[in-house]
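Dumped query_6.txt below, it's compact mmCIF, C-alpha atoms and all ligand atoms:
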# COMPACT_ATOMS: atom_id res chain seq x y z
CA MET A 238 146.69 144.36 -65.89
CA MET A 239 148.27 143.48 -62.55
CA ARG A 240 152.03 143.01 -62.62
CA TYR A 241 154.16 141.32 -59.94
CA LYS A 242 157.34 142.40 -58.21
CA LEU A 243 159.90 140.60 -56.11
CA PHE A 244 159.59 141.79 -52.52
CA GLY A 245 162.92 142.06 -50.77
CA ARG A 246 166.24 141.34 -52.44
CA GLY A 247 166.81 137.62 -52.93
CA THR A 248 163.50 136.39 -51.49
CA GLY A 249 161.79 135.13 -54.66
CA LEU A 250 158.52 136.35 -53.07
CA ARG A 251 156.29 137.68 -55.85
CA VAL A 252 153.74 140.27 -54.75
CA SER A 253 151.25 142.20 -56.84
CA GLU A 254 152.11 145.81 -57.69
CA LEU A 255 149.19 146.97 -55.51
CA ALA A 256 148.69 145.80 -51.92
CA LEU A 257 145.24 145.86 -50.33
CA GLY A 258 144.93 147.90 -47.13
CA CYS A 259 142.32 146.40 -44.82
CA ALA A 260 142.25 148.98 -41.99
CA THR A 261 138.72 149.92 -43.06
CA PHE A 262 137.43 146.32 -42.93
CA GLY A 263 134.87 146.57 -40.13
CA THR A 264 133.17 149.28 -38.11
CA ARG A 265 134.45 148.94 -34.52
CA TRP A 266 136.33 152.24 -34.81
CA GLY A 267 133.07 154.01 -35.53
CA TYR A 268 133.96 154.36 -39.21
CA GLY A 269 134.92 151.87 -41.88
CA THR A 270 133.32 149.37 -44.24
CA GLU A 271 130.43 147.06 -43.44
CA PRO A 272 131.35 143.35 -43.72
CA ALA A 273 129.37 142.69 -46.94
CA GLU A 274 131.05 145.61 -48.76
CA ALA A 275 134.45 144.63 -47.33
CA ARG A 276 133.98 141.16 -48.83
CA ARG A 277 133.21 142.70 -52.23
CA VAL A 278 136.33 144.86 -51.95
CA PHE A 279 138.43 141.79 -51.08
CA ASP A 280 136.97 139.60 -53.86
CA THR A 281 137.36 142.35 -56.47
CA TYR A 282 141.01 142.84 -55.51
CA VAL A 283 141.78 139.11 -55.70
CA GLU A 284 139.90 138.70 -59.01
CA ALA A 285 142.04 141.53 -60.42
CA GLY A 286 145.16 139.51 -59.58
CA GLY A 287 146.02 141.15 -56.25
CA ASN A 288 147.79 138.90 -53.75
CA PHE A 289 149.33 141.20 -51.11
CA ILE A 290 147.09 141.79 -48.05
CA ASP A 291 147.90 144.36 -45.36
CA THR A 292 146.13 144.19 -42.00
CA ALA A 293 147.01 144.54 -38.29
CA ASP A 294 145.85 143.15 -34.95
CA THR A 295 144.69 146.63 -34.01
CA TYR A 296 142.63 147.42 -37.15
CA GLN A 297 138.99 147.83 -36.15
CA MET A 298 140.00 146.19 -32.84
CA GLY A 299 140.55 142.79 -34.44
CA GLN A 300 137.55 142.91 -36.77
CA SER A 301 139.70 143.41 -39.89
CA GLU A 302 141.55 140.14 -39.19
CA GLU A 303 138.31 138.36 -38.26
CA LEU A 304 136.69 139.34 -41.57
CA LEU A 305 139.80 138.39 -43.53
CA GLY A 306 139.73 135.00 -41.78
CA GLU A 307 136.36 134.42 -43.48
CA PHE A 308 137.24 136.00 -46.84
CA ILE A 309 140.51 134.15 -47.46
CA THR A 310 139.29 130.57 -47.01
CA HIS A 311 139.02 129.85 -50.76
CA CYS A 312 142.34 131.49 -51.75
CA ARG A 313 144.64 131.43 -48.70
CA ASP A 314 147.54 129.79 -50.50
CA ALA A 315 147.49 132.34 -53.31
CA LEU A 316 148.00 135.25 -50.89
CA VAL A 317 150.90 136.96 -49.19
CA LEU A 318 149.15 137.66 -45.90
CA ALA A 319 150.77 140.42 -43.86
CA THR A 320 149.72 141.58 -40.42
CA LYS A 321 151.25 143.72 -37.68
CA PHE A 322 151.66 143.82 -33.92
CA THR A 323 152.62 146.50 -31.36
CA LEU A 324 149.36 148.17 -30.49
CA GLY A 325 147.34 145.08 -29.54
CA ARG A 326 143.80 144.20 -30.56
CA ASP A 327 142.46 146.25 -27.70
CA PRO A 328 145.06 148.74 -26.44
CA ALA A 329 142.99 149.33 -23.30
CA ALA A 330 143.12 145.62 -22.39
CA ASP A 331 146.15 145.49 -20.07
CA PRO A 332 149.63 146.98 -19.76
CA LEU A 333 151.21 144.02 -21.61
CA ALA A 334 149.01 144.39 -24.70
CA VAL A 335 150.96 147.30 -26.20
CA SER A 336 154.62 146.52 -26.73
CA ASN A 337 157.26 145.11 -29.02
CA ASN A 338 158.71 142.78 -26.40
CA ARG A 339 158.98 139.05 -26.96
CA ARG A 340 155.92 138.24 -24.81
CA SER A 341 153.66 140.69 -26.61
CA MET A 342 154.73 139.59 -30.07
CA VAL A 343 154.05 135.91 -29.29
CA ARG A 344 150.68 136.70 -27.76
CA SER A 345 149.71 139.00 -30.62
CA VAL A 346 150.73 136.49 -33.30
CA GLU A 347 148.72 133.74 -31.61
CA GLY A 348 145.66 136.04 -31.59
CA SER A 349 146.17 137.03 -35.24
CA LEU A 350 146.46 133.37 -36.32
CA ARG A 351 143.19 132.58 -34.53
CA ARG A 352 141.32 135.51 -36.08
CA LEU A 353 142.78 134.91 -39.55
CA LYS A 354 142.03 131.17 -39.26
CA THR A 355 145.41 130.28 -40.67
CA ASP A 356 148.52 128.55 -39.33
CA ARG A 357 151.11 131.03 -40.56
CA ILE A 358 151.63 134.73 -41.18
CA ASP A 359 153.50 135.28 -44.41
CA LEU A 360 154.91 138.67 -43.43
CA LEU A 361 154.87 140.06 -39.89
CA TRP A 362 155.37 143.81 -39.46
CA VAL A 363 156.40 145.46 -36.22
CA HIS A 364 153.80 148.23 -36.45
CA MET A 365 155.86 150.98 -34.80
CA PRO A 366 158.52 151.56 -32.15
CA ASP A 367 157.09 151.27 -28.63
CA GLY A 368 159.68 153.64 -27.20
CA VAL A 369 161.06 150.97 -24.88
CA THR A 370 162.02 147.65 -26.49
CA CYS A 371 165.54 147.58 -27.96
CA VAL A 372 166.23 146.14 -31.40
CA GLU A 373 168.18 143.14 -30.05
CA GLU A 374 165.17 141.91 -28.05
CA MET A 375 162.83 142.57 -30.95
CA MET A 376 164.93 140.91 -33.65
CA ARG A 377 165.76 137.88 -31.48
CA GLY A 378 162.06 137.42 -30.62
CA LEU A 379 161.07 137.75 -34.28
CA ASP A 380 163.73 135.23 -35.26
CA THR A 381 162.23 132.72 -32.79
CA LEU A 382 158.76 133.24 -34.30
CA VAL A 383 160.16 132.45 -37.76
CA ARG A 384 161.89 129.32 -36.43
CA THR A 385 158.58 128.07 -35.00
CA GLY A 386 157.03 128.35 -38.50
CA LYS A 387 154.29 130.73 -37.36
CA VAL A 388 155.83 133.58 -39.36
CA LEU A 389 157.72 133.44 -42.66
CA TYR A 390 159.09 136.96 -43.32
CA LEU A 391 159.76 140.08 -41.24
CA GLY A 392 159.47 143.83 -41.73
CA LEU A 393 159.48 147.12 -39.80
CA SER A 394 156.86 149.85 -40.13
CA ASN A 395 157.18 153.48 -39.00
CA PHE A 396 160.73 153.11 -37.65
CA PRO A 397 163.40 155.75 -38.20
CA ALA A 398 166.01 154.76 -40.77
CA TRP A 399 168.86 154.44 -38.27
CA ARG A 400 166.91 151.89 -36.21
CA VAL A 401 165.96 149.81 -39.28
CA SER A 402 169.53 149.86 -40.45
CA ARG A 403 170.80 148.78 -37.02
CA ALA A 404 168.18 146.02 -36.75
CA ALA A 405 169.06 144.69 -40.23
CA THR A 406 172.77 144.74 -39.46
CA ILE A 407 172.42 143.02 -36.07
CA ALA A 408 170.25 140.28 -37.63
CA GLU A 409 172.77 139.81 -40.43
CA LEU A 410 175.81 139.60 -38.14
CA ARG A 411 174.14 137.29 -35.63
CA GLY A 412 172.69 134.97 -38.29
CA TRP A 413 169.10 135.80 -37.33
CA THR A 414 166.22 135.96 -39.83
CA PRO A 415 166.80 139.01 -42.04
CA LEU A 416 164.37 141.87 -42.48
CA ILE A 417 162.85 141.87 -45.97
CA GLY A 418 160.42 144.79 -45.80
CA LEU A 419 159.92 148.41 -44.89
CA GLN A 420 156.52 150.09 -44.47
CA VAL A 421 156.37 153.89 -44.52
CA GLU A 422 153.90 156.62 -45.20
CA TYR A 423 154.57 157.70 -48.78
CA SER A 424 152.65 159.60 -51.43
CA LEU A 425 152.84 162.74 -53.54
CA VAL A 426 151.97 164.72 -50.37
CA GLU A 427 154.32 162.89 -47.99
CA ARG A 428 157.75 162.49 -49.49
CA THR A 429 160.03 162.91 -46.49
CA ALA A 430 160.93 159.19 -46.80
CA ASP A 431 163.00 160.33 -49.81
CA ARG A 432 165.59 161.67 -47.36
CA GLU A 433 166.75 158.55 -45.53
CA LEU A 434 164.21 155.72 -45.53
CA LEU A 435 163.92 154.97 -49.25
CA PRO A 436 167.65 155.19 -50.09
CA MET A 437 168.25 152.91 -47.06
CA ALA A 438 165.65 150.42 -48.31
CA ARG A 439 167.25 150.31 -51.76
CA ALA A 440 170.74 149.87 -50.31
CA LEU A 441 169.64 147.11 -47.90
CA GLY A 442 167.38 145.40 -50.45
CA LEU A 443 164.17 145.90 -48.44
CA GLY A 444 160.88 145.63 -50.31
CA THR A 445 158.91 148.80 -49.61
CA VAL A 446 155.20 149.44 -49.22
CA GLY A 447 153.64 152.87 -48.73
CA TRP A 448 150.61 153.58 -46.57
CA SER A 449 148.05 156.33 -47.23
CA PRO A 450 149.10 156.47 -50.89
CA LEU A 451 146.28 158.91 -51.60
CA GLY A 452 147.02 161.02 -48.51
CA GLY A 453 143.74 159.78 -47.03
CA GLY A 454 141.74 160.87 -50.09
CA LEU A 455 143.26 164.27 -50.98
CA LEU A 456 145.00 162.82 -54.05
CA THR A 457 141.73 161.65 -55.58
CA GLY A 458 141.04 165.34 -56.28
CA LYS A 459 137.53 164.88 -54.86
CA TYR A 460 137.73 167.73 -52.35
CA ARG A 461 138.48 170.18 -55.20
CA ARG A 462 135.29 168.87 -56.81
CA GLY A 463 133.34 169.51 -53.59
CA GLU A 464 132.67 165.82 -52.95
CA GLU A 465 132.26 164.08 -49.58
CA GLY A 466 134.81 161.88 -47.85
CA ARG A 467 136.83 161.42 -44.65
CA ALA A 468 137.57 165.15 -44.57
CA THR A 469 133.89 166.08 -44.53
CA SER A 470 132.31 163.14 -42.71
CA PHE A 471 134.97 162.61 -40.01
CA ALA A 472 136.41 166.15 -40.14
CA ARG A 473 139.78 164.41 -40.36
CA THR A 474 141.95 163.19 -43.17
CA ILE A 475 145.63 162.37 -43.30
CA HIS A 476 146.48 165.37 -45.51
CA SER A 477 144.79 168.56 -46.61
CA GLU A 478 145.95 171.42 -48.81
CA SER A 479 147.69 172.96 -45.83
CA ASP A 480 150.80 174.45 -47.48
CA PRO A 481 151.98 175.80 -50.85
CA ILE A 482 153.75 172.53 -51.83
CA LYS A 483 150.58 170.48 -51.31
CA ILE A 484 148.51 173.00 -53.25
CA ALA A 485 151.03 172.97 -56.13
CA THR A 486 151.09 169.15 -55.99
CA VAL A 487 147.31 168.84 -56.32
CA ASP A 488 147.40 171.44 -59.16
CA ALA A 489 150.04 169.40 -61.03
CA LEU A 490 148.25 166.13 -60.32
CA LEU A 491 144.92 167.33 -61.70
CA ALA A 492 146.62 168.72 -64.82
CA VAL A 493 148.54 165.47 -65.46
CA ALA A 494 145.42 163.36 -64.87
CA ASP A 495 143.46 165.52 -67.29
CA GLU A 496 146.15 165.30 -69.98
CA SER A 497 146.48 161.52 -69.45
CA GLY A 498 142.73 160.90 -69.53
CA VAL A 499 142.69 158.99 -66.20
CA ALA A 500 141.60 159.78 -62.63
CA PRO A 501 144.02 161.59 -60.27
CA ALA A 502 144.08 158.52 -57.98
CA VAL A 503 145.37 156.41 -60.88
CA VAL A 504 148.15 158.91 -61.58
CA SER A 505 149.10 159.11 -57.87
CA LEU A 506 149.32 155.34 -57.42
CA ALA A 507 151.21 154.81 -60.69
CA TRP A 508 153.71 157.58 -59.79
CA MET A 509 154.42 155.89 -56.48
CA GLY A 510 154.78 152.40 -57.95
CA ALA A 511 157.27 153.72 -60.52
CA ARG A 512 159.39 155.00 -57.60
CA GLY A 513 159.69 151.46 -56.23
CA VAL A 514 157.11 151.82 -53.44
CA ILE A 515 154.15 149.45 -53.58
CA PRO A 516 151.00 151.41 -52.70
CA ILE A 517 148.79 149.92 -49.95
CA VAL A 518 145.50 150.81 -51.54
CA GLY A 519 142.84 151.79 -49.02
CA ALA A 520 139.38 151.79 -50.56
CA ARG A 521 136.24 152.21 -48.46
CA THR A 522 133.93 150.99 -51.24
CA VAL A 523 134.19 148.58 -54.13
CA ASP A 524 133.67 151.44 -56.60
CA GLN A 525 136.67 153.28 -55.17
CA LEU A 526 138.72 150.09 -55.43
CA ARG A 527 137.70 149.50 -59.06
CA GLY A 528 138.83 153.04 -59.89
CA ASN A 529 142.14 152.58 -58.08
CA LEU A 530 142.84 149.20 -59.70
CA LEU A 531 143.07 151.00 -63.04
CA SER A 532 146.53 152.11 -61.95
CA ALA A 533 147.77 148.49 -62.33
CA GLY A 534 149.78 148.46 -65.53
CA PHE A 535 149.37 152.19 -66.10
CA GLU A 536 152.60 154.07 -66.82
CA LEU A 537 153.17 157.80 -66.75
CA CYS A 538 155.29 159.40 -69.45
CA ALA A 539 158.65 160.79 -68.33
CA GLN A 540 157.50 164.37 -68.69
CA HIS A 541 154.47 163.85 -66.45
CA SER A 542 156.54 161.98 -63.83
CA ALA A 543 159.06 164.81 -63.74
CA ARG A 544 156.32 167.44 -63.41
CA LEU A 545 154.80 165.63 -60.43
CA ALA A 546 158.20 165.00 -58.85
CA ASP A 547 159.13 168.70 -59.17
CA ALA A 548 155.87 169.99 -57.72
CA SER A 549 155.92 167.62 -54.72
CA ALA A 550 159.66 167.53 -53.90
CA VAL A 551 160.74 168.11 -50.31
CA SER A 552 164.10 169.50 -49.30
CA LEU A 553 166.46 166.63 -48.47
CA GLY A 554 168.37 168.70 -45.93
CA PHE A 555 171.78 167.95 -44.47
CA PRO A 556 173.98 166.18 -45.50
CA HIS A 557 172.27 165.39 -48.81
CA ASP A 558 172.04 168.97 -50.09
CA MET A 559 175.66 169.63 -49.23
CA LEU A 560 176.85 166.37 -50.83
CA ALA A 561 174.88 167.06 -54.01
CA GLU A 562 176.67 170.41 -54.31
CA GLU A 563 180.08 168.89 -53.53
CA SER A 564 179.62 166.09 -56.04
CA LYS A 565 179.20 168.68 -58.79
CA PHE A 566 182.68 169.95 -57.99
CA ARG A 567 185.16 168.44 -55.56
CA LEU A 568 183.88 164.86 -55.15
CA ARG A 569 184.17 164.07 -58.85
CA ALA A 570 187.60 162.76 -59.77
CA PRO A 571 189.08 164.81 -62.61
CA ASN A 572 188.46 163.50 -66.15
CA THR A 573 186.64 160.34 -65.02
CA ALA A 574 183.00 161.42 -65.14
CA ASP A 575 182.43 159.90 -68.57
CA GLN A 576 184.31 156.65 -68.00
CA VAL A 577 183.36 155.49 -64.52
CA GLU A 578 180.04 153.73 -64.19
CA LEU A 579 178.42 154.88 -60.95
CA PRO A 580 176.20 152.43 -59.00
CA SER A 581 172.48 152.95 -59.62
CA ASP A 582 171.60 151.88 -56.06
CA PRO A 583 172.72 153.88 -53.01
CA VAL A 584 175.96 152.59 -51.55
CA ALA A 585 175.48 151.05 -48.08
N1 LIG B 601 151.68 151.06 -40.99
C1 LIG B 601 150.87 152.00 -40.60
O1 LIG B 601 151.06 152.63 -39.54
C2 LIG B 601 149.67 152.35 -41.44
C3 LIG B 601 149.00 153.58 -41.20
C4 LIG B 601 147.88 153.87 -41.99
C5 LIG B 601 147.48 152.97 -42.97
N2 LIG B 601 148.15 151.79 -43.17
C6 LIG B 601 147.72 150.84 -44.22
O2 LIG B 601 147.52 151.57 -45.43
C7 LIG B 601 146.21 151.34 -45.93
C8 LIG B 601 145.73 152.52 -46.71
O3 LIG B 601 145.74 153.70 -45.91
P1 LIG B 601 144.67 154.83 -46.19
O4 LIG B 601 143.31 154.25 -46.08
O5 LIG B 601 145.00 156.00 -45.35
O6 LIG B 601 144.98 155.11 -47.75
P2 LIG B 601 144.58 156.25 -48.78
O7 LIG B 601 144.54 155.60 -50.10
O8 LIG B 601 145.49 157.42 -48.64
O9 LIG B 601 143.12 156.72 -48.35
C9 LIG B 601 142.04 155.87 -48.55
C10 LIG B 601 140.75 156.66 -48.45
O10 LIG B 601 140.66 157.60 -49.53
C11 LIG B 601 139.34 157.58 -50.04
N3 LIG B 601 139.43 157.02 -51.41
C12 LIG B 601 140.20 155.98 -51.83
N4 LIG B 601 140.05 155.75 -53.14
C13 LIG B 601 139.16 156.66 -53.57
C14 LIG B 601 138.59 156.93 -54.84
N5 LIG B 601 138.92 156.22 -55.93
N6 LIG B 601 137.71 157.96 -54.94
C15 LIG B 601 137.38 158.70 -53.87
N7 LIG B 601 137.87 158.49 -52.62
C16 LIG B 601 138.75 157.47 -52.47
C17 LIG B 601 138.51 156.71 -49.10
O11 LIG B 601 138.05 157.49 -48.00
P3 LIG B 601 136.64 158.24 -47.96
O12 LIG B 601 135.77 157.67 -49.01
O13 LIG B 601 136.14 158.00 -46.58
O14 LIG B 601 136.98 159.67 -48.20
C18 LIG B 601 139.55 155.76 -48.57
O15 LIG B 601 139.20 155.17 -47.33
C19 LIG B 601 145.39 150.98 -44.67
O16 LIG B 601 144.22 150.23 -44.98
C20 LIG B 601 146.38 150.16 -43.90
O17 LIG B 601 146.42 148.83 -44.41
C21 LIG B 601 149.24 151.48 -42.44

Using structure tokens, write down the structure from this file.
Ligand SMILES: NC(=O)c1ccc[n+]([C@@H]2O[C@H](COP(=O)([O-])OP(=O)(O)OC[C@H]3O[C@@H](n4cnc5c(N)ncnc54)[C@H](OP(=O)(O)O)[C@@H]3O)[C@@H](O)[C@H]2O)c1
Amino acid sequence: MMRYKLFGRGTGLRVSELALGCATFGTRWGYGTEPAEARRVFDTYVEAGGNFIDTADTYQMGQSEELLGEFITHCRDALVLATKFTLGRDPAADPLAVSNNRRSMVRSVEGSLRRLKTDRIDLLWVHMPDGVTCVEEMMRGLDTLVRTGKVLYLGLSNFPAWRVSRAATIAELRGWTPLIGLQVEYSLVERTADRELLPMARALGLGTVGWSPLGGGLLTGKYRRGEEGRATSFARTIHSESDPIKIATVDALLAVADESGVAPAVVSLAWMGARGVIPIVGARTVDQLRGNLLSAGFELCAQHSARLADASAVSLGFPHDMLAEESKFRLRAPNTADQVELPSDPVA
């Protein structure tokens, strides 16, 4: 059964524990989901209690938003509709189409509203840094969009932690609309966000969603079973068993799934949700979605969680490794370890 979580500290915005990724809605990229199947995927997600939709102006060159504009008409008010800008609907269109500057964000939002057939975007993500626009320009422009009522909440996707932290701080000190969300790639085969991004999100109270939660399909275990998918049909998937950690991770995942009596995808999504990252589920077919929805409400036992965490862990590197060592010895005040309650969230 679908559960709901508050997204972003202090917002009161309740989102379902699984978000729906809509990058595959449409076929303008040469691969994806035909409109009729995309509608079934959407309806099945909503009927299961899902309310958190993830799309972007650039997905299928605008077709994802166009299809959603048709699908959402009967349930718009029950959804948290999130889209993104940076890359433009058609990146080849003109030099102004790809950017995070104020002009591009306004133009992109107006296009998204038209395609989505709605008068507001509930959560607007900056899709990625454009390598040029500074955070002051971006955050001031986003604040204006919120003040016009076209956008309600703001988040950053694919930004390094130091830039998110700076953007959040500038907005806070200048009284601009705060960031509430962070979007990162995260899964059992991509855990480098554990180093800086996720502790930052917890400290700053940012709701966090993770893209490619199944590593593009690897964490369904289907390639070990010799089945078809992105890796075979497009010769390209986000992750493959390219190093010993990923091989050990898939080994552990298949063992845990077998012992738990559920599919590997269910285990992967539940593991991620339990770490405070809402998976953006990307299903190409309604059958895949139905399978993945079984992770809603599913909880792994502590032993299984620890086994998966151990197999998939990445080195945190400097300064975290050094500080972990120091805290065992010099950073702990003498005779206080048992009396002092340490904060459960990272200290900002
Ligand atoms: N912010 C960003 O930059 C960014 C980047 C990427 C994605 N995203 C968001 O994240 C969403 C999800 O990303 P993703 O599609 O890469 O996620 P994913 O869950 O890692 O991969 C989804 C793919 O895995 C396969 N699959 C899924 N469930 C399956 C099942 N039960 N059994 C067998 N195969 C299954 C399908 O591909 P095949 O059947 O073709 O193998 C499906 O298209 C996107 O739709 C988008 O909204 C955001």

> Which residues, written as a PyMOL selection string, have at least one atom at most 12 Å from A:Glu307, with all atoms listed in the file counted and residues fewer than 5 positions away on the same chain left out?
Replying inline: chain A and resi 262+272-273+275-276+279-280+300-302+312-313+351-355

> For ligand LIG 601 (chain B), which residue among A:Val421, A:Ala408, A:Leu316, A:Leu350 is the nearest when counting only C-alpha atoms and all ligand atoms?
Replying inline: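 Smallest separation from ligand LIG 601 (chain B) among the options: A:Val421.
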
> For A:Val518, which residue out of A:Asp367, A:Asp495, A:Glu254, A:Glu409 is the nearest one, using all atoms listed in the file?
Replying inline: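 Of A:Asp367, A:Asp495, A:Glu254, A:Glu409, the one nearest A:Val518, counting all atoms listed in the file, is A:Glu254.
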
>> I'd like to know which of A:Arg462, A:Arg467, A:Arg339, A:Arg428 is closest to ligand LIG 601 (chain B), using all atoms listed in the file.
In response: A:Arg467

> Near A:Gly348, counting all atoms listed in the file, which residues have an atom at most 12 Å away, once you skip same-chain residues fewer than 4 positions from it, shown as a list in words?
Replying inline: Ala293, Asp294, Thr295, Met298, Gly299, Gln300, Glu302, Glu303, Gly306, Thr320, Lys321, Phe322, Gly325, Arg326, Asp327, Ala334, Ser341, Met342, Val343, Arg344, Arg352, Leu353, Lys354, Thr355, Asp356, Arg357, Ile358 and Lys387 of chain A

> In Å, how far is it from atom CA of A:Ile515 to atom CA of A:Leu255?
Replying inline: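 Atom CA of A:Ile515 sits 5.9 Å away from atom CA of A:Leu255.
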
>> Let me make sure I understand: among A:Thr522, A:Ser581, A:Ser542, A:Asn337, which one has the smallest atom-to-atom distance to A:Arg377 if we use only C-alpha atoms?
In response: A:Asn337

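Going from atom CA of A:Met376 to atom CA of A:Leu443 covers 15.6 Å.
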
Using only C-alpha atoms, what table do you get, as JSON lines, when you list each residue of stretch 420-501 of chain A with an atom no more than 12 Å from stretch 288-292 of chain A, its nearest pair of atoms, and their distance in Å rounded to one decimal, rows by chain then rising number?
{"residue": "A:Gln420", "atom": "CA", "partner": "A:Asp291", "partner_atom": "CA", "distance": 10.4}
{"residue": "A:Val446", "atom": "CA", "partner": "A:Asp291", "partner_atom": "CA", "distance": 9.7}
{"residue": "A:Gly447", "atom": "CA", "partner": "A:Asp291", "partner_atom": "CA", "distance": 10.8}
{"residue": "A:Trp448", "atom": "CA", "partner": "A:Asp291", "partner_atom": "CA", "distance": 9.7}

> Out of A:Leu250, A:Val493, A:Val383, A:Val372, which residue has the shortest atom-to-atom distance to A:Gly444 when counting all atoms listed in the file?
Replying inline: A:Leu250

>> Measuring between all atoms listed in the file, which one of A:Val388, A:Val252, A:Val346, A:Cys259 shows the shortest distance to ligand LIG 601 (chain B)?
In response: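 Answer, going by the shortest atom-to-atom distance: A:Cys259.
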
> Just how far from atom O2 of ligand LIG 601 (chain B) is atom CA of A:Leu333, in Å to one decimal?
Replying inline: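 Pair atom CA of A:Leu333 / atom O2 of ligand LIG 601 (chain B) returns 25.3 Å.
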
> Contacts of A:Gln525 at 10 Å or less, counting all atoms listed in the file, minus same-chain residues fewer than 6 places along, as a PyMOL selection string?
Replying inline: chain A and resi 278+457+502+518-519

Selected residues written out, C-alpha atoms, as a PDB file, keeping the file's coordinate frame:
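Once everything was written out, this is part-v6.pdb:
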ATOM      1  CA  VAL A 278     136.330 144.860 -51.950  1.00  0.00           C
ATOM      2  CA  THR A 457     141.730 161.650 -55.580  1.00  0.00           C
ATOM      3  CA  ALA A 502     144.080 158.520 -57.980  1.00  0.00           C
ATOM      4  CA  VAL A 518     145.500 150.810 -51.540  1.00  0.00           C
ATOM      5  CA  GLY A 519     142.840 151.790 -49.020  1.00  0.00           C
TER       6      GLY A 519
END

Residues of stretch 358-429 of chain A at most 12 Å from stretch 482-485 of chain A: nearest atom pair and distance in Å, all atoms listed in the file, as JSON lines:
{"residue": "A:Ser424", "atom": "CA", "partner": "A:Lys483", "partner_atom": "CA", "distance": 11.1}
{"residue": "A:Leu425", "atom": "CA", "partner": "A:Lys483", "partner_atom": "CA", "distance": 8.4}
{"residue": "A:Val426", "atom": "CA", "partner": "A:Lys483", "partner_atom": "CA", "distance": 6.0}
{"residue": "A:Glu427", "atom": "CA", "partner": "A:Lys483", "partner_atom": "CA", "distance": 9.1}
{"residue": "A:Arg428", "atom": "CA", "partner": "A:Lys483", "partner_atom": "CA", "distance": 10.9}

> Counting only C-alpha atoms, which residues come within 12 Å of (135.8, 153.3, -38.6), with the point read in the file's coordinates, and could you list them as a list in words?
Replying inline: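 Every polymer residue passing the test: Cys259, Ala260, Thr261, Phe262, Gly263, Thr264, Arg265, Trp266, Gly267, Tyr268, Gly269, Thr270, Glu271, Tyr296, Gln297, Met298, Gln300, Ser301, Arg467, Ser470, Phe471, Arg473 and Arg521 of chain A.
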
>> Would you pick out the contacts of A:Leu545 at 8 Å or less, using all atoms listed in the file, so that residues sharing its chain but fewer than 2 positions from it are not included, and give the list as a PyMOL selection string?
In response: chain A and resi 425+486+489-490+541-543+547-549

Centre and size of axis-aligned box enclosing stretch 492-501 of chain A plus 5 Å each side, as lines of an AutoDock Vina configuration file:
center_x = 145.1
center_y = 163.9
center_z = -65.1
size_x = 16.9
size_y = 19.7
size_z = 19.7

How about completing stretch 445-453 of chain A with N, CA, C and O atoms and giving it to me as a PDB file, in the frame of the given file?
ATOM      1  N   THR A 445     159.524 147.652 -50.286  1.00  0.00           N
ATOM      2  CA  THR A 445     158.910 148.800 -49.610  1.00  0.00           C
ATOM      3  C   THR A 445     157.461 148.969 -50.003  1.00  0.00           C
ATOM      4  O   THR A 445     157.128 148.948 -51.193  1.00  0.00           O
ATOM      5  N   VAL A 446     156.611 149.128 -48.981  1.00  0.00           N
ATOM      6  CA  VAL A 446     155.200 149.440 -49.220  1.00  0.00           C
ATOM      7  C   VAL A 446     154.888 150.786 -48.586  1.00  0.00           C
ATOM      8  O   VAL A 446     155.464 151.146 -47.559  1.00  0.00           O
ATOM      9  N   GLY A 447     153.969 151.530 -49.215  1.00  0.00           N
ATOM     10  CA  GLY A 447     153.640 152.870 -48.730  1.00  0.00           C
ATOM     11  C   GLY A 447     152.194 152.956 -48.293  1.00  0.00           C
ATOM     12  O   GLY A 447     151.287 152.590 -49.043  1.00  0.00           O
ATOM     13  N   TRP A 448     151.984 153.437 -47.049  1.00  0.00           N
ATOM     14  CA  TRP A 448     150.610 153.580 -46.570  1.00  0.00           C
ATOM     15  C   TRP A 448     150.072 154.989 -46.860  1.00  0.00           C
ATOM     16  O   TRP A 448     150.830 155.913 -47.099  1.00  0.00           O
ATOM     17  N   SER A 449     148.745 155.091 -46.838  1.00  0.00           N
ATOM     18  CA  SER A 449     148.050 156.330 -47.230  1.00  0.00           C
ATOM     19  C   SER A 449     148.577 156.869 -48.553  1.00  0.00           C
ATOM     20  O   SER A 449     148.981 158.030 -48.663  1.00  0.00           O
ATOM     21  N   PRO A 450     148.553 156.038 -49.597  1.00  0.00           N
ATOM     22  CA  PRO A 450     149.100 156.470 -50.890  1.00  0.00           C
ATOM     23  C   PRO A 450     148.308 157.596 -51.532  1.00  0.00           C
ATOM     24  O   PRO A 450     148.823 158.280 -52.417  1.00  0.00           O
ATOM     25  N   LEU A 451     147.074 157.796 -51.070  1.00  0.00           N
ATOM     26  CA  LEU A 451     146.280 158.910 -51.600  1.00  0.00           C
ATOM     27  C   LEU A 451     146.161 160.018 -50.542  1.00  0.00           C
ATOM     28  O   LEU A 451     145.248 160.853 -50.611  1.00  0.00           O
ATOM     29  N   GLY A 452     147.053 160.000 -49.562  1.00  0.00           N
ATOM     30  CA  GLY A 452     147.020 161.020 -48.510  1.00  0.00           C
ATOM     31  C   GLY A 452     145.716 161.015 -47.739  1.00  0.00           C
ATOM     32  O   GLY A 452     145.315 162.044 -47.191  1.00  0.00           O
ATOM     33  N   GLY A 453     145.027 159.869 -47.723  1.00  0.00           N
ATOM     34  CA  GLY A 453     143.740 159.780 -47.030  1.00  0.00           C
ATOM     35  C   GLY A 453     142.569 160.221 -47.897  1.00  0.00           C
ATOM     36  O   GLY A 453     141.445 160.329 -47.406  1.00  0.00           O
TER      37      GLY A 453
END
